[in-house]
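Right, one structure below, let's go through it.
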Amino acid sequence: MKQNIKQLLLRVLMLLIGLTVAHLGVTLFLLADLGADPFNVCVQGVFRSMQKIISHPLLTHGNVHVCISLMIILILLIVDRSYVRIGTLLCMILGGPIIDVFSLLLSPLFQTMNSLPFKLVMLALGCVILAMGMSLVIKSNAGTGPNDLVAVVISDKSKAKFSIIRVAVDFSFIAMGWLLGGSVGIGTVICAFLVGPVAGFFLPKSEKLVHWALEKSGL
């Protein structure tokens, strides 16, 4: 029992490291200001569509983001509850504050260097860092972000490559968001094409890292 708790704590620690790295990538992506990530294009589209129907102080992009994430978690609890773990909730709770901290630290850099080539480099770098962190979060086996879970579950159930499924899921989010009125930029398309394959490349390496950490800890 004690060993299981120690293993869980170590896996959660690996998840938190991956989560921090991933949200550094998200921050670079956001500060480049060349389009929202695919999931947030979908959120933006739903938000704008709802705004046309009702106007309420509680109707915000952030609240819609949480509601869609919770809906995905609920669906996955029905499909296969083993995929929804403590890390899924940690990703929802901690993601925003981590981005806020990194934004505060990195905003002066983007204000100083505001050229399009610089933004494109930061965008690509952000996508790669996001994919690296995301792969570690997934292979921590302690849970992952609600939007990432969609690709993880489909990939596992269909036995298809995660990278291909992730690209398909991202473009589904983009199409849904665009149809509902979400804004699509060059960064959105780059993210959809880049994150899945890069994450697919790093997943085996992250798995080895997690196993190495468990072995070194005697677990």
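Following the order of the structure tokens, first chain is A, next is B, and so on, with residues numbered from 1 inside each chain and ligands from 1 in the order they appear.
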Mind checking which residues fall within 7 Å of stretch 171-184 of chain A, counting only C-alpha atoms, ignoring those fewer than 6 positions away in the same chain, and posting them as a PDB file with all heavy atoms, in the first residue's frame?
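So around-v2.pdb came out as:
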```
ATOM      1  N   GLY A  35      -2.800  33.179 -33.679  1.00  0.00           N
ATOM      2  CA  GLY A  35      -3.950  32.278 -33.733  1.00  0.00           C
ATOM      3  C   GLY A  35      -4.009  31.389 -32.507  1.00  0.00           C
ATOM      4  O   GLY A  35      -2.981  30.996 -31.964  1.00  0.00           O
ATOM      5  N   ALA A  36      -5.216  31.055 -32.068  1.00  0.00           N
ATOM      6  CA  ALA A  36      -5.398  30.201 -30.893  1.00  0.00           C
ATOM      7  C   ALA A  36      -5.091  28.752 -31.234  1.00  0.00           C
ATOM      8  O   ALA A  36      -5.082  28.360 -32.402  1.00  0.00           O
ATOM      9  CB  ALA A  36      -6.829  30.333 -30.383  1.00  0.00           C
ATOM     10  N   PRO A  38      -5.947  24.720 -31.502  1.00  0.00           N
ATOM     11  CA  PRO A  38      -7.190  24.121 -32.016  1.00  0.00           C
ATOM     12  C   PRO A  38      -8.314  23.984 -30.997  1.00  0.00           C
ATOM     13  O   PRO A  38      -9.474  24.289 -31.302  1.00  0.00           O
ATOM     14  CB  PRO A  38      -6.722  22.749 -32.512  1.00  0.00           C
ATOM     15  CG  PRO A  38      -5.309  22.981 -32.932  1.00  0.00           C
ATOM     16  CD  PRO A  38      -4.764  23.949 -31.922  1.00  0.00           C
ATOM     17  N   PHE A  39      -7.998  23.538 -29.784  1.00  0.00           N
ATOM     18  CA  PHE A  39      -9.048  23.349 -28.774  1.00  0.00           C
ATOM     19  C   PHE A  39      -9.697  24.688 -28.418  1.00  0.00           C
ATOM     20  O   PHE A  39     -10.915  24.780 -28.295  1.00  0.00           O
ATOM     21  CB  PHE A  39      -8.464  22.690 -27.523  1.00  0.00           C
ATOM     22  CG  PHE A  39      -9.502  22.387 -26.472  1.00  0.00           C
ATOM     23  CD1 PHE A  39     -10.493  21.453 -26.699  1.00  0.00           C
ATOM     24  CD2 PHE A  39      -9.483  23.035 -25.247  1.00  0.00           C
ATOM     25  CE1 PHE A  39     -11.454  21.161 -25.736  1.00  0.00           C
ATOM     26  CE2 PHE A  39     -10.432  22.758 -24.273  1.00  0.00           C
ATOM     27  CZ  PHE A  39     -11.420  21.818 -24.526  1.00  0.00           C
ATOM     28  N   VAL A  41      -9.869  27.342 -30.311  1.00  0.00           N
ATOM     29  CA  VAL A  41     -10.674  27.812 -31.442  1.00  0.00           C
ATOM     30  C   VAL A  41     -12.095  27.265 -31.302  1.00  0.00           C
ATOM     31  O   VAL A  41     -13.077  27.970 -31.518  1.00  0.00           O
ATOM     32  CB  VAL A  41     -10.059  27.371 -32.790  1.00  0.00           C
ATOM     33  CG1 VAL A  41     -11.033  27.615 -33.945  1.00  0.00           C
ATOM     34  CG2 VAL A  41      -8.771  28.125 -33.060  1.00  0.00           C
ATOM     35  N   CYS A  42     -12.172  25.991 -30.901  1.00  0.00           N
ATOM     36  CA  CYS A  42     -13.477  25.365 -30.664  1.00  0.00           C
ATOM     37  C   CYS A  42     -14.204  26.048 -29.515  1.00  0.00           C
ATOM     38  O   CYS A  42     -15.394  26.378 -29.617  1.00  0.00           O
ATOM     39  CB  CYS A  42     -13.275  23.875 -30.372  1.00  0.00           C
ATOM     40  SG  CYS A  42     -14.796  22.970 -30.048  1.00  0.00           S
ATOM     41  N   VAL A  43     -13.481  26.287 -28.424  1.00  0.00           N
ATOM     42  CA  VAL A  43     -14.062  26.972 -27.263  1.00  0.00           C
ATOM     43  C   VAL A  43     -14.547  28.369 -27.660  1.00  0.00           C
ATOM     44  O   VAL A  43     -15.654  28.787 -27.291  1.00  0.00           O
ATOM     45  CB  VAL A  43     -13.036  27.078 -26.117  1.00  0.00           C
ATOM     46  CG1 VAL A  43     -13.579  27.948 -24.976  1.00  0.00           C
ATOM     47  CG2 VAL A  43     -12.684  25.703 -25.576  1.00  0.00           C
ATOM     48  N   GLN A  44     -13.715  29.068 -28.429  1.00  0.00           N
ATOM     49  CA  GLN A  44     -14.059  30.420 -28.882  1.00  0.00           C
ATOM     50  C   GLN A  44     -15.337  30.409 -29.727  1.00  0.00           C
ATOM     51  O   GLN A  44     -16.212  31.258 -29.576  1.00  0.00           O
ATOM     52  CB  GLN A  44     -12.896  30.976 -29.703  1.00  0.00           C
ATOM     53  CG  GLN A  44     -13.030  32.438 -30.087  1.00  0.00           C
ATOM     54  CD  GLN A  44     -11.857  32.888 -30.955  1.00  0.00           C
ATOM     55  OE1 GLN A  44     -11.657  32.369 -32.043  1.00  0.00           O
ATOM     56  NE2 GLN A  44     -11.091  33.828 -30.461  1.00  0.00           N
ATOM     57  N   GLY A  45     -15.451  29.407 -30.615  1.00  0.00           N
ATOM     58  CA  GLY A  45     -16.641  29.300 -31.462  1.00  0.00           C
ATOM     59  C   GLY A  45     -17.903  29.055 -30.655  1.00  0.00           C
ATOM     60  O   GLY A  45     -18.939  29.687 -30.890  1.00  0.00           O
ATOM     61  N   VAL A  46     -17.816  28.141 -29.680  1.00  0.00           N
ATOM     62  CA  VAL A  46     -18.969  27.855 -28.807  1.00  0.00           C
ATOM     63  C   VAL A  46     -19.337  29.103 -28.009  1.00  0.00           C
ATOM     64  O   VAL A  46     -20.524  29.459 -27.886  1.00  0.00           O
ATOM     65  CB  VAL A  46     -18.649  26.682 -27.850  1.00  0.00           C
ATOM     66  CG1 VAL A  46     -19.780  26.494 -26.838  1.00  0.00           C
ATOM     67  CG2 VAL A  46     -18.431  25.398 -28.634  1.00  0.00           C
ATOM     68  N   ARG A  48     -18.773  32.319 -28.718  1.00  0.00           N
ATOM     69  CA  ARG A  48     -19.379  33.360 -29.567  1.00  0.00           C
ATOM     70  C   ARG A  48     -20.796  32.992 -29.977  1.00  0.00           C
ATOM     71  O   ARG A  48     -21.677  33.860 -30.061  1.00  0.00           O
ATOM     72  CB  ARG A  48     -18.507  33.584 -30.803  1.00  0.00           C
ATOM     73  CG  ARG A  48     -17.201  34.303 -30.493  1.00  0.00           C
ATOM     74  CD  ARG A  48     -16.340  34.493 -31.728  1.00  0.00           C
ATOM     75  NE  ARG A  48     -15.117  35.233 -31.410  1.00  0.00           N
ATOM     76  CZ  ARG A  48     -14.147  35.478 -32.284  1.00  0.00           C
ATOM     77  NH1 ARG A  48     -14.251  35.023 -33.535  1.00  0.00           N
ATOM     78  NH2 ARG A  48     -13.074  36.155 -31.915  1.00  0.00           N
ATOM     79  N   SER A  49     -21.041  31.716 -30.224  1.00  0.00           N
ATOM     80  CA  SER A  49     -22.394  31.264 -30.581  1.00  0.00           C
ATOM     81  C   SER A  49     -23.354  31.456 -29.411  1.00  0.00           C
ATOM     82  O   SER A  49     -24.500  31.888 -29.595  1.00  0.00           O
ATOM     83  CB  SER A  49     -22.371  29.791 -30.995  1.00  0.00           C
ATOM     84  OG  SER A  49     -21.594  29.609 -32.155  1.00  0.00           O
ATOM     85  N   ALA A 192      -1.761  22.469 -35.248  1.00  0.00           N
ATOM     86  CA  ALA A 192      -2.474  21.238 -35.602  1.00  0.00           C
ATOM     87  C   ALA A 192      -1.571  20.239 -36.314  1.00  0.00           C
ATOM     88  O   ALA A 192      -1.661  19.029 -36.086  1.00  0.00           O
ATOM     89  CB  ALA A 192      -3.684  21.565 -36.470  1.00  0.00           C
TER      90      ALA A 192
END
```
- Query: Can you tell me, as a list in words, what residues are no more than 10 Å from stretch 68-70 of chain A when counting only C-alpha atoms, ignoring any on the same chain fewer than 2 positions away?
  - Reply: Phe39, Cys42, Val43, Val46, Asn63, Val64, His65, Val66, Ile72, Ile73, Leu74, Ile75, Leu76, Thr88, Leu89, Met92, Gly145, Pro146 and Asn147 of chain A
Would you save the residues of that selection, restricted to N, CA, C and O atoms, as a JSON list (two decimals), in the first residue's frame?
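After the write, out_33.json holds the following:
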```
[["chain", "number", "residue", "atom", "x", "y", "z"],
["A", 39, "PHE", "N", -8.00, 23.54, -29.78],
["A", 39, "PHE", "CA", -9.05, 23.35, -28.77],
["A", 39, "PHE", "C", -9.70, 24.69, -28.42],
["A", 39, "PHE", "O", -10.92, 24.78, -28.29],
["A", 42, "CYS", "N", -12.17, 25.99, -30.90],
["A", 42, "CYS", "CA", -13.48, 25.36, -30.66],
["A", 42, "CYS", "C", -14.20, 26.05, -29.51],
["A", 42, "CYS", "O", -15.39, 26.38, -29.62],
["A", 43, "VAL", "N", -13.48, 26.29, -28.42],
["A", 43, "VAL", "CA", -14.06, 26.97, -27.26],
["A", 43, "VAL", "C", -14.55, 28.37, -27.66],
["A", 43, "VAL", "O", -15.65, 28.79, -27.29],
["A", 46, "VAL", "N", -17.82, 28.14, -29.68],
["A", 46, "VAL", "CA", -18.97, 27.85, -28.81],
["A", 46, "VAL", "C", -19.34, 29.10, -28.01],
["A", 46, "VAL", "O", -20.52, 29.46, -27.89],
["A", 63, "ASN", "N", -14.97, 30.23, -18.61],
["A", 63, "ASN", "CA", -16.02, 29.35, -18.07],
["A", 63, "ASN", "C", -16.49, 28.34, -19.11],
["A", 63, "ASN", "O", -16.78, 27.18, -18.78],
["A", 64, "VAL", "N", -16.56, 28.78, -20.36],
["A", 64, "VAL", "CA", -16.95, 27.86, -21.44],
["A", 64, "VAL", "C", -15.87, 26.79, -21.62],
["A", 64, "VAL", "O", -16.17, 25.61, -21.83],
["A", 65, "HIS", "N", -14.60, 27.21, -21.50],
["A", 65, "HIS", "CA", -13.47, 26.28, -21.58],
["A", 65, "HIS", "C", -13.60, 25.19, -20.51],
["A", 65, "HIS", "O", -13.46, 23.99, -20.80],
["A", 66, "VAL", "N", -13.89, 25.59, -19.28],
["A", 66, "VAL", "CA", -14.05, 24.65, -18.17],
["A", 66, "VAL", "C", -15.24, 23.72, -18.42],
["A", 66, "VAL", "O", -15.15, 22.50, -18.21],
["A", 72, "ILE", "N", -16.17, 16.76, -21.66],
["A", 72, "ILE", "CA", -15.29, 15.72, -22.21],
["A", 72, "ILE", "C", -14.95, 14.69, -21.14],
["A", 72, "ILE", "O", -14.99, 13.47, -21.38],
["A", 73, "ILE", "N", -14.64, 15.17, -19.93],
["A", 73, "ILE", "CA", -14.33, 14.26, -18.82],
["A", 73, "ILE", "C", -15.53, 13.36, -18.51],
["A", 73, "ILE", "O", -15.38, 12.16, -18.29],
["A", 74, "LEU", "N", -16.74, 13.95, -18.51],
["A", 74, "LEU", "CA", -17.95, 13.17, -18.23],
["A", 74, "LEU", "C", -18.16, 12.08, -19.27],
["A", 74, "LEU", "O", -18.46, 10.93, -18.93],
["A", 75, "ILE", "N", -17.95, 12.43, -20.54],
["A", 75, "ILE", "CA", -18.10, 11.44, -21.63],
["A", 75, "ILE", "C", -17.09, 10.31, -21.45],
["A", 75, "ILE", "O", -17.42, 9.13, -21.61],
["A", 76, "LEU", "N", -15.84, 10.69, -21.11],
["A", 76, "LEU", "CA", -14.79, 9.69, -20.94],
["A", 76, "LEU", "C", -15.04, 8.81, -19.71],
["A", 76, "LEU", "O", -14.66, 7.64, -19.70],
["A", 88, "THR", "N", -5.80, 14.59, -14.58],
["A", 88, "THR", "CA", -6.76, 15.28, -15.44],
["A", 88, "THR", "C", -7.29, 16.54, -14.74],
["A", 88, "THR", "O", -7.39, 17.61, -15.35],
["A", 89, "LEU", "N", -7.60, 16.39, -13.47],
["A", 89, "LEU", "CA", -8.10, 17.53, -12.69],
["A", 89, "LEU", "C", -6.98, 18.54, -12.43],
["A", 89, "LEU", "O", -7.20, 19.75, -12.46],
["A", 92, "MET", "N", -6.52, 20.79, -15.35],
["A", 92, "MET", "CA", -7.57, 21.82, -15.43],
["A", 92, "MET", "C", -7.32, 22.93, -14.42],
["A", 92, "MET", "O", -7.47, 24.12, -14.73],
["A", 145, "GLY", "N", -4.56, 16.26, -19.77],
["A", 145, "GLY", "CA", -5.57, 17.30, -20.01],
["A", 145, "GLY", "C", -6.78, 16.75, -20.74],
["A", 145, "GLY", "O", -6.66, 15.83, -21.56],
["A", 146, "PRO", "N", -7.98, 17.30, -20.49],
["A", 146, "PRO", "CA", -9.22, 16.80, -21.10],
["A", 146, "PRO", "C", -9.16, 16.74, -22.63],
["A", 146, "PRO", "O", -9.58, 15.75, -23.22],
["A", 147, "ASN", "N", -8.62, 17.79, -23.28],
["A", 147, "ASN", "CA", -8.57, 17.79, -24.74],
["A", 147, "ASN", "C", -7.57, 16.76, -25.26],
["A", 147, "ASN", "O", -7.79, 16.12, -26.29]]
```
- Message: Please return, as an MDAnalysis selection string, all residues of stretch 71-182 of chain A that DSSP assigns to alpha helix (DSSP H) on the basis of the backbone.
- Response: chainID A and resid 71:80 86:112 116:139 146:158 162:179
- Item | Residues near A:Leu34, cut-off 8 Å, only C-alpha atoms, skip fewer than 4 positions along chain, as a ChimeraX atom specification | /A:29-30,119,123,185-188
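Across the model, the gap from atom CA of A:Ile138 to atom CA of A:Arg11 is 10.4 Å.
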- Quick one: of A:Val128, A:Leu209, A:Met134, A:Leu13, who's nearest to A:Ile190, counting only C-alpha atoms?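 The shortest atom-to-atom distance to A:Ile190 comes from A:Val128.
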All residues 10 Å or closer to A:Ser217, only C-alpha atoms, same chain fewer than 5 positions away omitted, as a CSV table (one decimal) with N, CA, C and O atoms, in the first residue's frame:
```
chain,number,residue,atom,x,y,z
A,6,LYS,N,3.7,5.8,-2.9
A,6,LYS,CA,4.9,6.5,-3.3
A,6,LYS,C,5.0,6.5,-4.9
A,6,LYS,O,5.4,7.5,-5.4
A,7,GLN,N,4.6,5.4,-5.5
A,7,GLN,CA,4.6,5.4,-7.0
A,7,GLN,C,3.6,6.4,-7.5
A,7,GLN,O,4.0,7.1,-8.5
A,10,LEU,N,5.2,9.9,-7.2
A,10,LEU,CA,6.3,10.1,-8.2
A,10,LEU,C,5.7,10.3,-9.6
A,10,LEU,O,6.1,11.2,-10.3
A,211,HIS,N,9.9,5.3,-16.5
A,211,HIS,CA,10.3,4.0,-16.0
A,211,HIS,C,11.7,4.1,-15.3
A,211,HIS,O,11.9,3.5,-14.2
A,212,TRP,N,12.6,4.9,-15.8
A,212,TRP,CA,13.9,5.1,-15.2
A,212,TRP,C,13.7,5.7,-13.8
A,212,TRP,O,14.4,5.3,-12.8
```
- Could you name the residues that touch A:Lys139 at 7 Å or less, counting only C-alpha atoms, but leaving out those on the same chain fewer than 6 positions away, as an MDAnalysis selection string? chainID A and resid 203 206:207
- Task: Quote the spacing between atom CA of A:Met113 and atom CA of A:Val195 in Å to one decimal place.
- Result: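 Going from atom CA of A:Met113 over to atom CA of A:Val195 covers 24.5 Å.
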